[in-house]
Amino acid sequence: MSPPISSRNALSSDSRTLNFRMPAEWEPHAATWLAWPHNREDWPGKFEPIPWVYAEIIRNLARHERVELVVKDAASKRKVRMLLDRAGVSLKNVFFHCWPTDRVWLRDSGCIFVRRDSEMAAANFRFNAWAKYSNWRKDEKIGGLMAAVGRAEEIRPEHRGMRLVLEGGSIDVNGCGTLLTTEECLLSTVQQRNQSMSRSAYEKIFAGYLGAPHVIWLGRGICGDDTHGHVDDLSRFVAAGTVVTMVESNTKDKNYAPLRENLRRLQKARDQDGKALNVIEVPMPGPVSFDKRRLPASYANFYIANAVVLVPVFNDPNDRIALNTLAQLFPTREIVPIYSGDLVWGLGTMHCMTQQQPALRNSPVARRSQ
């Protein structure tokens, strides 16, 4: 295992010459990483159904790829194995890691796997619980542990001598050089991740560490999102030149204006080759609330795995529109609806809880998926 690479700042030669690329989510996976739910405070009054939702997600993933599952200790591992077995999960494809965590949102706390030819690396950004919560120190260690298990060289991005904060849910890539993110999340002084980081500084980081020199900046996120603007509730690449974006038809809804502005920006945007994007509109579900709180329910939080797409649904009439749209966009993958009316009380769904580990070029998984 090579030692971590630490660039001194966003302009260093290291960050410009790493030449790693973050693959698109639809490219072949070696595995999906998840962490088993245990913090009842994340779903107060609704925790009981959550492990069964996780079991259904893992059951569908384990049919098609390895699942790397983080549990808090050996006692939890035994209980989780029993529950997964009852749920019909193929346990031969589930690998357990007994690591303590604060929360389960590995999209944000875990590393981001990147690839360069036949080499794998892990961009291990700092995690500070969305600059909002105090319990993050266990989660902040998870990225390095994932990198070691994945036999990936650990890279710790820095800017002006400080390790950078970045969550995986704040970005989305097409794997060809273009990245989506939002101004609300990365450029606002509210829940500020990195002080003094400018738009251009972020763009250098994305180019140097993720292989995405072309950035499309959207505006604000959806109502109820405690991350302050993550893009994976708004707009997602589904092909190199195609983006699915959420829209709201009710002019009185709080999401109407920001989603219209994001749609406008996407329609004007160009990809890394200067081509216009194919923008597919998907209607938001009706407002989902619990305990008088609006929750970040969005179909954009789907997860693309090797042969399936897991889609959050909410017993809403627009569920069918979202599922049909994704079925047309992913004709070779099974579209699997996962009821998320309880899960979203934890303020996240499919994409927030997962992190893909790409398959290396010429691996058996990559060859089967070509």
# chains A, B, ... in the order shown; residues from 1 in each chain; ligands from 1
>>> residues_around(residues="A:Gln356", least_positions_apart="2", cutoff="8 Å", atoms="only C-alpha atoms", output="PyMOL selection string")
chain A and resi 25+29-33+113+354+358
>>> residues_around(residues="stretch 36-45 of chain A", least_positions_apart="2", cutoff="12 Å", atoms="only C-alpha atoms", output="JSON, numbers by chain")
{"A": [33, 34, 47, 48, 49, 50, 51, 52, 53, 54, 55, 57, 58, 67, 68, 69, 70, 71, 72, 73, 76, 77, 79, 80, 81, 83, 84, 96, 97, 98, 99, 100, 101, 102, 103, 104, 105, 106, 133, 135, 290, 291, 341, 342, 343, 344, 345, 346, 347, 348, 353, 354]}
>>> atom_distance(atom1="atom CA of A:Tyr209", atom2="atom CA of A:Ile155")
8.5 Å
>>> select_by_dssp(residues="stretch 264-370 of chain A", states="alpha helix (DSSP H)", output="ChimeraX atom specification")
/A:264-268,318-329,350-353,364-369
>>> write_last_selection(atoms="C-alpha atoms", output="CSV table (one decimal), in the first residue's frame")
chain,number,residue,atom,x,y,z
A,264,ARG,CA,-32.9,27.1,-16.9
A,265,ARG,CA,-29.2,26.7,-16.1
A,266,LEU,CA,-29.1,23.2,-17.4
A,267,GLN,CA,-30.8,24.2,-20.6
A,268,LYS,CA,-28.2,26.8,-21.2
A,318,ASN,CA,-45.6,10.8,-9.7
A,319,ASP,CA,-43.8,7.6,-8.6
A,320,ARG,CA,-44.9,5.9,-11.8
A,321,ILE,CA,-43.7,8.8,-14.0
A,322,ALA,CA,-40.3,8.7,-12.3
A,323,LEU,CA,-40.0,4.9,-12.7
A,324,ASN,CA,-41.1,4.9,-16.3
A,325,THR,CA,-38.7,7.7,-17.2
A,326,LEU,CA,-35.8,5.8,-15.6
A,327,ALA,CA,-36.9,2.6,-17.3
A,328,GLN,CA,-36.6,4.3,-20.7
A,329,LEU,CA,-33.2,5.8,-19.8
A,350,MET,CA,-30.8,5.6,-1.9
A,351,HIS,CA,-28.0,7.7,-3.2
A,352,CYS,CA,-27.1,9.2,0.2
A,353,MET,CA,-26.5,5.8,1.8
A,364,PRO,CA,-14.0,-9.9,-14.8
A,365,VAL,CA,-16.8,-7.5,-13.7
A,366,ALA,CA,-15.8,-4.8,-16.2
A,367,ARG,CA,-15.5,-7.3,-19.0
A,368,ARG,CA,-19.0,-8.7,-18.3
A,369,SER,CA,-20.5,-5.2,-18.3
>>> atom_distance(atom1="atom CA of A:Leu145", atom2="atom CA of A:Thr349")
23.2 Å
>>> residues_around(residues="A:Asn306", least_positions_apart="5", cutoff="7 Å", atoms="only C-alpha atoms", output="JSON, numbers by chain")
{"A": [28, 29, 64, 65]}
>>> write_last_selection(atoms="N, CA and C atoms", output="CSV table (one decimal), in the first residue's frame")
chain,number,residue,atom,x,y,z
A,28,PRO,N,-19.1,0.0,-14.7
A,28,PRO,CA,-19.1,-1.2,-13.9
A,28,PRO,C,-18.5,-1.0,-12.4
A,29,HIS,N,-19.2,-1.6,-11.5
A,29,HIS,CA,-18.8,-1.6,-10.1
A,29,HIS,C,-18.1,-2.9,-9.7
A,64,HIS,N,-26.3,-8.7,-7.8
A,64,HIS,CA,-25.5,-8.2,-9.0
A,64,HIS,C,-24.1,-7.7,-8.7
A,65,GLU,N,-23.8,-7.5,-7.4
A,65,GLU,CA,-22.4,-7.0,-7.1
A,65,GLU,C,-22.2,-7.2,-5.6
>>> residues_around(residues="stretch 182-194 of chain A", least_positions_apart="5", cutoff="6 Å", atoms="only C-alpha atoms", output="compact mmCIF listing (two decimals) with C-alpha atoms, in the first residue's frame")
# COMPACT_ATOMS: atom_id res chain seq x y z
CA ALA A 131 -20.78 21.71 8.85
CA VAL A 165 -14.11 19.13 3.08
CA TRP A 217 -23.01 25.24 -11.28
CA LEU A 218 -26.66 24.98 -10.28
CA GLY A 219 -28.26 27.29 -7.72
CA ARG A 220 -30.20 26.14 -4.66
CA HIS A 228 -27.82 22.90 2.35
CA GLY A 229 -27.99 22.14 -1.32
>>> select_by_dssp(residues="stretch 159-315 of chain A", states="strand (DSSP E)", output="PDB file with N, CA and C atoms, in the first residue's frame")
ATOM      1  N   HIS A 159      -6.093  22.310   0.286  1.00  0.00           N
ATOM      2  CA  HIS A 159      -6.093  23.637  -0.316  1.00  0.00           C
ATOM      3  C   HIS A 159      -5.454  24.599   0.671  1.00  0.00           C
ATOM      4  N   MET A 162      -4.688  23.164   4.088  1.00  0.00           N
ATOM      5  CA  MET A 162      -5.798  22.624   4.869  1.00  0.00           C
ATOM      6  C   MET A 162      -6.465  21.502   4.092  1.00  0.00           C
ATOM      7  N   ARG A 163      -6.769  20.402   4.790  1.00  0.00           N
ATOM      8  CA  ARG A 163      -7.466  19.296   4.151  1.00  0.00           C
ATOM      9  C   ARG A 163      -8.885  19.730   3.781  1.00  0.00           C
ATOM     10  N   ASP A 172     -21.966  15.395  -8.895  1.00  0.00           N
ATOM     11  CA  ASP A 172     -22.354  14.286  -9.757  1.00  0.00           C
ATOM     12  C   ASP A 172     -21.558  14.445 -11.052  1.00  0.00           C
ATOM     13  N   VAL A 173     -21.058  13.325 -11.597  1.00  0.00           N
ATOM     14  CA  VAL A 173     -20.183  13.408 -12.767  1.00  0.00           C
ATOM     15  C   VAL A 173     -20.707  12.540 -13.911  1.00  0.00           C
ATOM     16  N   THR A 178     -17.210  16.302 -17.016  1.00  0.00           N
ATOM     17  CA  THR A 178     -18.167  17.310 -16.563  1.00  0.00           C
ATOM     18  C   THR A 178     -18.734  16.934 -15.201  1.00  0.00           C
ATOM     19  N   LEU A 179     -18.878  17.930 -14.340  1.00  0.00           N
ATOM     20  CA  LEU A 179     -19.348  17.739 -12.975  1.00  0.00           C
ATOM     21  C   LEU A 179     -20.482  18.713 -12.680  1.00  0.00           C
ATOM     22  N   LEU A 180     -21.504  18.238 -11.972  1.00  0.00           N
ATOM     23  CA  LEU A 180     -22.605  19.069 -11.485  1.00  0.00           C
ATOM     24  C   LEU A 180     -22.436  19.333 -10.001  1.00  0.00           C
ATOM     25  N   THR A 181     -22.698  20.566  -9.581  1.00  0.00           N
ATOM     26  CA  THR A 181     -22.719  20.892  -8.160  1.00  0.00           C
ATOM     27  C   THR A 181     -23.599  22.117  -7.976  1.00  0.00           C
ATOM     28  N   THR A 182     -23.707  22.613  -6.728  1.00  0.00           N
ATOM     29  CA  THR A 182     -24.560  23.782  -6.475  1.00  0.00           C
ATOM     30  C   THR A 182     -23.798  24.884  -5.750  1.00  0.00           C
ATOM     31  N   HIS A 214     -14.609  20.481 -16.267  1.00  0.00           N
ATOM     32  CA  HIS A 214     -15.753  21.296 -16.691  1.00  0.00           C
ATOM     33  C   HIS A 214     -16.859  21.188 -15.635  1.00  0.00           C
ATOM     34  N   VAL A 215     -17.239  22.319 -15.037  1.00  0.00           N
ATOM     35  CA  VAL A 215     -18.196  22.321 -13.924  1.00  0.00           C
ATOM     36  C   VAL A 215     -19.439  23.103 -14.314  1.00  0.00           C
ATOM     37  N   ILE A 216     -20.591  22.502 -14.079  1.00  0.00           N
ATOM     38  CA  ILE A 216     -21.880  23.179 -14.256  1.00  0.00           C
ATOM     39  C   ILE A 216     -22.419  23.496 -12.865  1.00  0.00           C
ATOM     40  N   TRP A 217     -22.561  24.790 -12.592  1.00  0.00           N
ATOM     41  CA  TRP A 217     -23.011  25.241 -11.281  1.00  0.00           C
ATOM     42  C   TRP A 217     -24.522  25.476 -11.309  1.00  0.00           C
ATOM     43  N   LEU A 218     -25.244  24.726 -10.487  1.00  0.00           N
ATOM     44  CA  LEU A 218     -26.657  24.984 -10.275  1.00  0.00           C
ATOM     45  C   LEU A 218     -26.804  25.928  -9.089  1.00  0.00           C
ATOM     46  N   SER A 235     -30.428  17.088  -9.627  1.00  0.00           N
ATOM     47  CA  SER A 235     -30.108  16.775 -11.019  1.00  0.00           C
ATOM     48  C   SER A 235     -29.011  15.723 -11.052  1.00  0.00           C
ATOM     49  N   ARG A 236     -29.181  14.735 -11.964  1.00  0.00           N
ATOM     50  CA  ARG A 236     -28.227  13.627 -12.030  1.00  0.00           C
ATOM     51  C   ARG A 236     -27.926  13.275 -13.478  1.00  0.00           C
ATOM     52  N   PHE A 237     -26.670  13.001 -13.755  1.00  0.00           N
ATOM     53  CA  PHE A 237     -26.317  12.446 -15.049  1.00  0.00           C
ATOM     54  C   PHE A 237     -26.833  11.006 -15.136  1.00  0.00           C
ATOM     55  N   VAL A 238     -27.399  10.657 -16.276  1.00  0.00           N
ATOM     56  CA  VAL A 238     -27.818   9.278 -16.544  1.00  0.00           C
ATOM     57  C   VAL A 238     -27.127   8.740 -17.793  1.00  0.00           C
ATOM     58  N   ALA A 239     -26.422   9.606 -18.506  1.00  0.00           N
ATOM     59  CA  ALA A 239     -25.570   9.263 -19.645  1.00  0.00           C
ATOM     60  C   ALA A 239     -24.622  10.436 -19.821  1.00  0.00           C
ATOM     61  N   THR A 242     -26.680  13.380 -20.940  1.00  0.00           N
ATOM     62  CA  THR A 242     -28.084  13.433 -20.515  1.00  0.00           C
ATOM     63  C   THR A 242     -28.191  13.612 -19.011  1.00  0.00           C
ATOM     64  N   VAL A 243     -29.044  14.548 -18.621  1.00  0.00           N
ATOM     65  CA  VAL A 243     -29.262  14.853 -17.208  1.00  0.00           C
ATOM     66  C   VAL A 243     -30.754  14.736 -16.893  1.00  0.00           C
ATOM     67  N   VAL A 244     -31.067  14.061 -15.799  1.00  0.00           N
ATOM     68  CA  VAL A 244     -32.419  14.071 -15.243  1.00  0.00           C
ATOM     69  C   VAL A 244     -32.475  15.183 -14.212  1.00  0.00           C
ATOM     70  N   THR A 245     -33.483  16.028 -14.274  1.00  0.00           N
ATOM     71  CA  THR A 245     -33.600  17.108 -13.294  1.00  0.00           C
ATOM     72  C   THR A 245     -35.018  17.185 -12.762  1.00  0.00           C
ATOM     73  N   MET A 246     -35.146  17.499 -11.492  1.00  0.00           N
ATOM     74  CA  MET A 246     -36.450  17.570 -10.840  1.00  0.00           C
ATOM     75  C   MET A 246     -37.112  18.916 -11.133  1.00  0.00           C
ATOM     76  N   VAL A 247     -38.428  18.877 -11.320  1.00  0.00           N
ATOM     77  CA  VAL A 247     -39.203  20.091 -11.545  1.00  0.00           C
ATOM     78  C   VAL A 247     -40.445  20.058 -10.656  1.00  0.00           C
ATOM     79  N   ASN A 278     -28.914  16.961 -23.041  1.00  0.00           N
ATOM     80  CA  ASN A 278     -30.269  16.451 -23.166  1.00  0.00           C
ATOM     81  C   ASN A 278     -30.863  16.457 -21.755  1.00  0.00           C
ATOM     82  N   VAL A 279     -31.787  17.360 -21.487  1.00  0.00           N
ATOM     83  CA  VAL A 279     -32.320  17.560 -20.141  1.00  0.00           C
ATOM     84  C   VAL A 279     -33.700  16.920 -20.039  1.00  0.00           C
ATOM     85  N   ILE A 280     -33.833  15.940 -19.149  1.00  0.00           N
ATOM     86  CA  ILE A 280     -35.076  15.200 -18.940  1.00  0.00           C
ATOM     87  C   ILE A 280     -35.713  15.670 -17.642  1.00  0.00           C
ATOM     88  N   GLU A 281     -36.932  16.181 -17.727  1.00  0.00           N
ATOM     89  CA  GLU A 281     -37.628  16.687 -16.541  1.00  0.00           C
ATOM     90  C   GLU A 281     -38.442  15.575 -15.869  1.00  0.00           C
ATOM     91  N   VAL A 282     -38.341  15.508 -14.562  1.00  0.00           N
ATOM     92  CA  VAL A 282     -39.118  14.560 -13.758  1.00  0.00           C
ATOM     93  C   VAL A 282     -39.825  15.341 -12.656  1.00  0.00           C
ATOM     94  N   PRO A 283     -41.138  15.167 -12.488  1.00  0.00           N
ATOM     95  CA  PRO A 283     -41.849  15.928 -11.463  1.00  0.00           C
ATOM     96  C   PRO A 283     -41.514  15.451 -10.054  1.00  0.00           C
ATOM     97  N   SER A 289     -43.978  15.148   4.699  1.00  0.00           N
ATOM     98  CA  SER A 289     -43.684  15.779   5.991  1.00  0.00           C
ATOM     99  C   SER A 289     -43.881  14.777   7.116  1.00  0.00           C
ATOM    100  N   PHE A 290     -43.187  15.001   8.193  1.00  0.00           N
ATOM    101  CA  PHE A 290     -43.366  14.202   9.406  1.00  0.00           C
ATOM    102  C   PHE A 290     -43.041  15.089  10.592  1.00  0.00           C
ATOM    103  N   ARG A 293     -42.374  18.659   9.847  1.00  0.00           N
ATOM    104  CA  ARG A 293     -41.142  19.025   9.147  1.00  0.00           C
ATOM    105  C   ARG A 293     -41.199  18.553   7.699  1.00  0.00           C
ATOM    106  N   ARG A 294     -40.897  19.416   6.754  1.00  0.00           N
ATOM    107  CA  ARG A 294     -40.814  19.058   5.340  1.00  0.00           C
ATOM    108  C   ARG A 294     -39.534  18.249   5.122  1.00  0.00           C
ATOM    109  N   TYR A 303     -30.053   5.323  -7.160  1.00  0.00           N
ATOM    110  CA  TYR A 303     -28.697   4.778  -7.191  1.00  0.00           C
ATOM    111  C   TYR A 303     -28.583   3.795  -8.338  1.00  0.00           C
ATOM    112  N   ILE A 304     -27.541   3.969  -9.167  1.00  0.00           N
ATOM    113  CA  ILE A 304     -27.314   3.121 -10.337  1.00  0.00           C
ATOM    114  C   ILE A 304     -26.289   2.049  -9.973  1.00  0.00           C
ATOM    115  N   VAL A 308     -29.113  -2.907 -11.871  1.00  0.00           N
ATOM    116  CA  VAL A 308     -30.354  -2.358 -11.322  1.00  0.00           C
ATOM    117  C   VAL A 308     -30.203  -0.867 -11.064  1.00  0.00           C
ATOM    118  N   VAL A 309     -31.337  -0.185 -11.011  1.00  0.00           N
ATOM    119  CA  VAL A 309     -31.405   1.180 -10.522  1.00  0.00           C
ATOM    120  C   VAL A 309     -32.400   1.188  -9.371  1.00  0.00           C
ATOM    121  N   LEU A 310     -31.943   1.549  -8.189  1.00  0.00           N
ATOM    122  CA  LEU A 310     -32.807   1.614  -7.014  1.00  0.00           C
ATOM    123  C   LEU A 310     -33.384   3.020  -6.920  1.00  0.00           C
ATOM    124  N   VAL A 311     -34.703   3.098  -6.863  1.00  0.00           N
ATOM    125  CA  VAL A 311     -35.383   4.389  -6.952  1.00  0.00           C
ATOM    126  C   VAL A 311     -36.259   4.611  -5.717  1.00  0.00           C
ATOM    127  N   PRO A 312     -36.073   5.716  -4.995  1.00  0.00           N
ATOM    128  CA  PRO A 312     -36.961   6.001  -3.862  1.00  0.00           C
ATOM    129  C   PRO A 312     -38.359   6.362  -4.360  1.00  0.00           C
ATOM    130  N   VAL A 313     -39.383   5.767  -3.749  1.00  0.00           N
ATOM    131  CA  VAL A 313     -40.770   6.106  -4.072  1.00  0.00           C
ATOM    132  C   VAL A 313     -41.507   6.407  -2.774  1.00  0.00           C
TER     133      VAL A 313
END
>>> residues_around(residues="A:Trp130", least_positions_apart="2", cutoff="7 Å", atoms="only C-alpha atoms", output="MDAnalysis selection string")
chainID A and resid 128 132 191 227
>>> residues_around(residues="A:Asp253", least_positions_apart="5", cutoff="10 Å", atoms="only C-alpha atoms", output="PyMOL selection string")
chain A and resi 223+248+286-287
>>> atom_distance(atom1="atom CA of A:Gly143", atom2="atom CA of A:Glu56")
24.8 Å
>>> residues_around(residues="A:Leu210", least_positions_apart="6", cutoff="12 Å", atoms="only C-alpha atoms", output="PDB file with N, CA and C atoms, in the first residue's frame")
ATOM      1  N   SER A  15      -1.752  17.999  -7.770  1.00  0.00           N
ATOM      2  CA  SER A  15      -3.181  17.972  -8.063  1.00  0.00           C
ATOM      3  C   SER A  15      -3.455  18.041  -9.557  1.00  0.00           C
ATOM      4  N   ARG A  16      -2.520  18.609 -10.330  1.00  0.00           N
ATOM      5  CA  ARG A  16      -2.754  18.745 -11.766  1.00  0.00           C
ATOM      6  C   ARG A  16      -2.334  17.497 -12.532  1.00  0.00           C
ATOM      7  N   THR A  17      -1.451  16.683 -11.940  1.00  0.00           N
ATOM      8  CA  THR A  17      -0.871  15.587 -12.708  1.00  0.00           C
ATOM      9  C   THR A  17      -1.253  14.217 -12.181  1.00  0.00           C
ATOM     10  N   LEU A  18      -2.189  14.147 -11.250  1.00  0.00           N
ATOM     11  CA  LEU A  18      -2.608  12.845 -10.745  1.00  0.00           C
ATOM     12  C   LEU A  18      -3.278  12.017 -11.840  1.00  0.00           C
ATOM     13  N   ASN A  19      -4.071  12.689 -12.687  1.00  0.00           N
ATOM     14  CA  ASN A  19      -4.709  12.038 -13.837  1.00  0.00           C
ATOM     15  C   ASN A  19      -5.665  10.921 -13.442  1.00  0.00           C
ATOM     16  N   PHE A  20      -6.222  10.981 -12.248  1.00  0.00           N
ATOM     17  CA  PHE A  20      -7.275  10.055 -11.882  1.00  0.00           C
ATOM     18  C   PHE A  20      -8.610  10.615 -12.344  1.00  0.00           C
ATOM     19  N   ARG A  21      -9.565   9.716 -12.540  1.00  0.00           N
ATOM     20  CA  ARG A  21     -10.882  10.106 -13.016  1.00  0.00           C
ATOM     21  C   ARG A  21     -11.942   9.442 -12.156  1.00  0.00           C
ATOM     22  N   MET A  22     -12.948  10.195 -11.754  1.00  0.00           N
ATOM     23  CA  MET A  22     -14.093   9.605 -11.070  1.00  0.00           C
ATOM     24  C   MET A  22     -15.030   9.029 -12.131  1.00  0.00           C
ATOM     25  N   PRO A  23     -15.178   7.699 -12.190  1.00  0.00           N
ATOM     26  CA  PRO A  23     -16.062   7.117 -13.204  1.00  0.00           C
ATOM     27  C   PRO A  23     -17.519   7.511 -12.968  1.00  0.00           C
ATOM     28  N   ALA A  24     -18.301   7.516 -14.033  1.00  0.00           N
ATOM     29  CA  ALA A  24     -19.735   7.725 -13.898  1.00  0.00           C
ATOM     30  C   ALA A  24     -20.339   6.563 -13.120  1.00  0.00           C
ATOM     31  N   CYS A 111     -14.926   7.656   1.267  1.00  0.00           N
ATOM     32  CA  CYS A 111     -14.037   8.174   0.226  1.00  0.00           C
ATOM     33  C   CYS A 111     -14.729   8.121  -1.129  1.00  0.00           C
ATOM     34  N   ILE A 112     -14.164   8.801  -2.099  1.00  0.00           N
ATOM     35  CA  ILE A 112     -14.637   8.750  -3.481  1.00  0.00           C
ATOM     36  C   ILE A 112     -13.586   7.994  -4.288  1.00  0.00           C
ATOM     37  N   PHE A 113     -13.957   6.827  -4.786  1.00  0.00           N
ATOM     38  CA  PHE A 113     -13.004   6.026  -5.550  1.00  0.00           C
ATOM     39  C   PHE A 113     -12.818   6.624  -6.945  1.00  0.00           C
ATOM     40  N   VAL A 114     -11.547   6.734  -7.338  1.00  0.00           N
ATOM     41  CA  VAL A 114     -11.196   7.261  -8.653  1.00  0.00           C
ATOM     42  C   VAL A 114     -10.249   6.271  -9.324  1.00  0.00           C
ATOM     43  N   ARG A 115     -10.107   6.389 -10.641  1.00  0.00           N
ATOM     44  CA  ARG A 115      -9.381   5.382 -11.405  1.00  0.00           C
ATOM     45  C   ARG A 115      -8.439   6.039 -12.399  1.00  0.00           C
ATOM     46  N   ARG A 116      -7.307   5.376 -12.629  1.00  0.00           N
ATOM     47  CA  ARG A 116      -6.352   5.799 -13.662  1.00  0.00           C
ATOM     48  C   ARG A 116      -5.834   4.534 -14.321  1.00  0.00           C
ATOM     49  N   ALA A 121      -7.538   4.595  -6.864  1.00  0.00           N
ATOM     50  CA  ALA A 121      -7.179   5.474  -5.752  1.00  0.00           C
ATOM     51  C   ALA A 121      -8.459   5.903  -5.049  1.00  0.00           C
ATOM     52  N   ALA A 122      -8.295   6.503  -3.889  1.00  0.00           N
ATOM     53  CA  ALA A 122      -9.441   6.961  -3.103  1.00  0.00           C
ATOM     54  C   ALA A 122      -9.212   8.410  -2.720  1.00  0.00           C
ATOM     55  N   ALA A 123     -10.034   9.305  -3.270  1.00  0.00           N
ATOM     56  CA  ALA A 123      -9.986  10.702  -2.865  1.00  0.00           C
ATOM     57  C   ALA A 123     -10.702  10.805  -1.520  1.00  0.00           C
ATOM     58  N   ASN A 124      -9.924  10.953  -0.477  1.00  0.00           N
ATOM     59  CA  ASN A 124     -10.474  10.939   0.883  1.00  0.00           C
ATOM     60  C   ASN A 124     -10.549  12.369   1.405  1.00  0.00           C
ATOM     61  N   PHE A 125     -11.644  13.037   1.056  1.00  0.00           N
ATOM     62  CA  PHE A 125     -11.881  14.379   1.554  1.00  0.00           C
ATOM     63  C   PHE A 125     -12.257  14.322   3.035  1.00  0.00           C
ATOM     64  N   ILE A 155      -5.650   9.381  -1.319  1.00  0.00           N
ATOM     65  CA  ILE A 155      -5.277  10.747  -1.657  1.00  0.00           C
ATOM     66  C   ILE A 155      -6.066  11.670  -0.739  1.00  0.00           C
ATOM     67  N   PRO A 157      -6.957  15.368  -0.474  1.00  0.00           N
ATOM     68  CA  PRO A 157      -6.885  16.690  -1.118  1.00  0.00           C
ATOM     69  C   PRO A 157      -6.771  17.826  -0.113  1.00  0.00           C
ATOM     70  N   LEU A 166     -15.434  17.856   1.486  1.00  0.00           N
ATOM     71  CA  LEU A 166     -16.327  17.682   0.339  1.00  0.00           C
ATOM     72  C   LEU A 166     -17.114  16.396   0.531  1.00  0.00           C
ATOM     73  N   GLY A 168     -19.708  13.462  -1.127  1.00  0.00           N
ATOM     74  CA  GLY A 168     -20.031  12.872  -2.415  1.00  0.00           C
ATOM     75  C   GLY A 168     -21.396  13.276  -2.937  1.00  0.00           C
ATOM     76  N   ILE A 171     -21.799  16.456  -5.422  1.00  0.00           N
ATOM     77  CA  ILE A 171     -21.327  16.446  -6.807  1.00  0.00           C
ATOM     78  C   ILE A 171     -21.945  15.276  -7.575  1.00  0.00           C
ATOM     79  N   ASP A 172     -21.966  15.395  -8.895  1.00  0.00           N
ATOM     80  CA  ASP A 172     -22.354  14.286  -9.757  1.00  0.00           C
ATOM     81  C   ASP A 172     -21.558  14.445 -11.052  1.00  0.00           C
ATOM     82  N   VAL A 173     -21.058  13.325 -11.597  1.00  0.00           N
ATOM     83  CA  VAL A 173     -20.183  13.408 -12.767  1.00  0.00           C
ATOM     84  C   VAL A 173     -20.707  12.540 -13.911  1.00  0.00           C
ATOM     85  N   ASN A 174     -20.295  12.903 -15.129  1.00  0.00           N
ATOM     86  CA  ASN A 174     -20.637  12.073 -16.283  1.00  0.00           C
ATOM     87  C   ASN A 174     -19.489  11.154 -16.691  1.00  0.00           C
ATOM     88  N   GLY A 175     -18.369  11.201 -15.946  1.00  0.00           N
ATOM     89  CA  GLY A 175     -17.232  10.336 -16.233  1.00  0.00           C
ATOM     90  C   GLY A 175     -16.403  10.756 -17.422  1.00  0.00           C
ATOM     91  N   CYS A 176     -16.801  11.835 -18.101  1.00  0.00           N
ATOM     92  CA  CYS A 176     -16.099  12.301 -19.299  1.00  0.00           C
ATOM     93  C   CYS A 176     -15.463  13.672 -19.115  1.00  0.00           C
ATOM     94  N   GLY A 177     -15.587  14.231 -17.906  1.00  0.00           N
ATOM     95  CA  GLY A 177     -14.969  15.530 -17.656  1.00  0.00           C
ATOM     96  C   GLY A 177     -15.908  16.604 -17.160  1.00  0.00           C
ATOM     97  N   THR A 178     -17.210  16.302 -17.016  1.00  0.00           N
ATOM     98  CA  THR A 178     -18.167  17.310 -16.563  1.00  0.00           C
ATOM     99  C   THR A 178     -18.734  16.934 -15.201  1.00  0.00           C
ATOM    100  N   LEU A 179     -18.878  17.930 -14.340  1.00  0.00           N
ATOM    101  CA  LEU A 179     -19.348  17.739 -12.975  1.00  0.00           C
ATOM    102  C   LEU A 179     -20.482  18.713 -12.680  1.00  0.00           C
ATOM    103  N   TYR A 202     -12.453  25.612  -6.357  1.00  0.00           N
ATOM    104  CA  TYR A 202     -13.163  24.330  -6.411  1.00  0.00           C
ATOM    105  C   TYR A 202     -12.989  23.677  -7.782  1.00  0.00           C
ATOM    106  N   GLU A 203     -13.063  24.469  -8.826  1.00  0.00           N
ATOM    107  CA  GLU A 203     -12.953  23.911 -10.166  1.00  0.00           C
ATOM    108  C   GLU A 203     -11.586  23.281 -10.397  1.00  0.00           C
ATOM    109  N   LYS A 204     -10.538  23.862  -9.834  1.00  0.00           N
ATOM    110  CA  LYS A 204      -9.202  23.267  -9.933  1.00  0.00           C
ATOM    111  C   LYS A 204      -9.137  21.947  -9.168  1.00  0.00           C
TER     112      LYS A 204
END
>>> closest_residue(among="A:Pro285, A:Gly161, A:Gly221, A:Met82", to="A:Asn262", atoms="only C-alpha atoms")
A:Gly221
>>> closest_residue(among="A:Ser109, A:Gln355, A:Asn255, A:Gln272", to="A:Ala240", atoms="only C-alpha atoms")
A:Gln272
